[in-house]
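Report on one structure; see the data block that follows.
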Amino acid sequence: MKVKLPQNMWQGFEPIEIDIPDNWETTIHGIEADNMPELTKEQIREKINKPYGLKPLRELAVGRKKVCIVFDDISRATPTKVLAEVVLEELHAAGIQKDQISFICALGCHGAHSREEFVNKLGKEIVTNYAIYNHNCYDNLTNIGKSKDGYDVMINNEVMDSDLKIGIGAILPHVFNTFGGGGKIIIPGVAGIDSIQQTHIAAIDFAKKHNITSSATMGDLRVTAMREKIEEVCGMIGEFFKVDCLYNTRAEIVDVYAGDVVEEYYAAIPMASKIYSTKRAENKDVIISNANARSNEATIAYQLASLACGEKGGDIVIIDFTERGQVTHYMFGTFGEKSPGRMYKSEPTRERFVRKIILYMPNYMETDKFSFGEPEKQIVCRTWDEVLAALSDRGAGTTCSVLVDGTMEFFEVDESLIHFEE
C-alpha cells in the first residue's frame, strides 16, 4: 500500500511516498482541511475586513504613530506572507508609513531567527523594506502588572511601545492550550520567560492531576488551565488586532478570522474543531506519525502517536525530513546532558506503552534523542527500507495507523477521557 505524505516544509515542499505492507490492517488519518479550497488574496482581505469585536484595520489605523506586527515563528507553517501583505496594504491605505511599522517574531522560548527564516515567513520584499526583530524572552521587557496569581507579567518593550498592536498567526491544535492561535501570540509569543513558565505550570499541573499527557487534551475546550491565564494577559495588554488563519497540510489558507484577539479566537474554534480532528486511533501495533507543518517540533507528532499505543505496546514511526533540526526551546529543551531547560521532561508521558521509537529522519542529530521519549527505545533510520527492517517482526494482520500530519491534527475528543471533579 503506497501512501503519499506532505513533507519538506520550507525546503521545497516536496511530498514523499511510503510503502506499507499490504497484509497489514492500515487506517489513514487525514483531516477535512485538505478537502477545502485555498482562499484567494481577495477572499483573505474580505475576511480580515469583517473583524470580530473591533473596527476594520484600516479604520483602526488612522492617526496611529507606531505599529507593531507580531508574527509566529518558523516552527509553525503559517503562510504569513500573504496575510502580512494584506495587513500592510490596509495600513498604508490608512496613511501609515513604512518607518512607522516594525515586525516582531513571536519566538516565546524558541531560538532566534536568521534572515533566511524571516524570508521564509514574510517574503523577501517585506524583509528588505521593513524592520524585523526577534523577541528576546530574557531582556527588554515591560512589566504590565501582576496577574491574579501574583506574578509579574512581562511583555516585549517594542510591542508595548506601539499604539497599534497587530498579530498574525494560525489556529492549530495545541498540546497545552486546546488550540493555539489567539492570545498565544502575546504569551508565550512576546512574553518574558518567567511569565511564560507560569502559564505552562498551570497546564502541566492539570495533566498531572488527571494523569494524562497534554496531547490527550488537544481540541477539548473543557481544558482551560492555560487558556484562562493567556486571556487574563490579553485583558491587561489592551487593544490587540489579531489575524488567525486555518490551513491544510499543504500550508494553503482555507479560512481566516480577525479582530479582537479573544473574540476572533473563539469564533474560529468551531471550524478548527471540525477540520483538524481525525478518527481516534487506539491499541495499534504501529503508528506512523508524519511531522511536517511543525517539523522542528516533531515531539508533538510523537506525543499524539503515543495515545494510540495500547497495553501490549506499540511501535511509533516519526517521519521528519527537516534540515533545520528540532527547535531550540529554552523552557523544554536541553543544553547538555546535565543542562536541561527549566521545565524539561516535566509533564506526564505514555512511554510505558511505547515499544519502539523509529525515527525516519534523514537529517537526525545525536541530540535529537532528547526530544522523543526514552533514548534506549529509539532506532534511527535514514531510508524507508531501514524503517521496514526495524518493523520486520510485525507480520500479517499488524494494525497500523498513519497520521498524515501528526503535528497539526488531533484525535476526536473523548469526553470520558477526563473526569472533572464537581
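Each chain of the C-alpha cells is named A, B, ... in the order shown, its residues numbered from 1; ligands are numbered from 1 in display order.
The shell of residues at most 10 Å from A:Glu89, with only C-alpha atoms counted and near chain neighbours (fewer than 6 positions) removed, consists of Arg45, Arg58 and Ile96 of chain A.
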Residue list (alpha helix (DSSP H), DSSP) for stretch 163-307 of chain A, as a PyMOL selection string: chain A and resi 193-210+225-237+263-276+299-306
Near-A:Glu14 list (12 Å; only C-alpha atoms; drop same-chain fewer than 5 positions) as a ChimeraX atom specification: /A:4-9,250,292,321-322
Near-A:Thr407 list (10 Å; only C-alpha atoms; drop same-chain fewer than 2 positions) as number ranges by chain: A: 76, 172-175, 249, 289-304, 403-405, 409-410
Given only C-alpha atoms as the counted atoms, nearest of A:Arg222, A:His135, A:His329, A:Lys47 to A:Phe206: A:Arg222
Given only C-alpha atoms as the counted atoms, nearest of A:Ile287, A:Ile28, A:Ile166, A:Cys105 to A:Leu54: A:Ile166
Write out as CSV a residue-level contact list of stretch 54-129 of chain A versus stretch 236-239 of chain A with cut-off 12 Å: for each qualifying residue the closest pair of atoms and the distance in Å to one decimal, counting only C-alpha atoms, rows sorted by chain and residue number upward.
residue,atom,partner,partner_atom,distance
A:Leu54,CA,A:Glu239,CA,8.6
A:Lys55,CA,A:Glu239,CA,10.9
A:Leu57,CA,A:Glu239,CA,11.9
A:Leu60,CA,A:Glu239,CA,10.2
A:Ala61,CA,A:Glu239,CA,11.9
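Proximity to A:Ile48 was assessed for A:Phe241, A:Phe411, A:Trp384, A:Phe332 counting only C-alpha atoms; the smallest distance is recorded for A:Phe241.
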Pick from A:Gly397, A:Gly108, A:Pro56, A:Gly406 nearest to A:Asp320, counting only C-alpha atoms: A:Gly406
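Shortest separation to A:Ser75 among A:Val327, A:Ile212, A:Ile18, A:Ile319 occurs at residue A:Val327, atoms counted being only C-alpha atoms.
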For atom CA of A:Ile357 and atom CA of A:Gly314, the interatomic separation in Å (one decimal): 9.0 Å
All residues 8 Å or closer to A:Tyr364, only C-alpha atoms, same chain fewer than 4 positions away omitted, as a PyMOL selection string: chain A and resi 325+368+380
For the residues selected in the previous step, produce a file with C-alpha atoms as a compact mmCIF listing (two decimals), in the first residue's frame.
# COMPACT_ATOMS: atom_id res chain seq x y z
CA GLY A 325 16.68 20.28 13.21
CA ASP A 368 17.50 14.78 18.85
CA VAL A 380 17.35 5.96 13.73
For atom CA of A:Tyr247 and atom CA of A:Ala33, the interatomic separation in Å (one decimal): 6.7 Å
Residue neighbourhood A:His210, 10 Å, only C-alpha atoms, exclusion window fewer than 3 positions, as a ChimeraX atom specification: /A:204-207,213-214,348,417-420
Close residues, A:Asn23 itself excluded, 8 Å, only C-alpha atoms, min 6 positions apart in chain, as a compact mmCIF listing (two decimals) with C-alpha atoms, in the first residue's frame:
# COMPACT_ATOMS: atom_id res chain seq x y z
CA GLY A 395 3.68 -9.64 10.33
CA ALA A 396 0.32 -10.19 8.66
CA GLY A 397 -2.60 -8.59 10.48
CA THR A 398 -0.49 -5.83 12.06
Given only C-alpha atoms as the counted atoms, nearest of A:Glu38, A:Asp315, A:Glu25, A:Glu158 to A:Asn248: A:Glu38
Members of stretch 259-364 of chain A assigned strand (DSSP E) by DSSP, as a count of residues only: 22
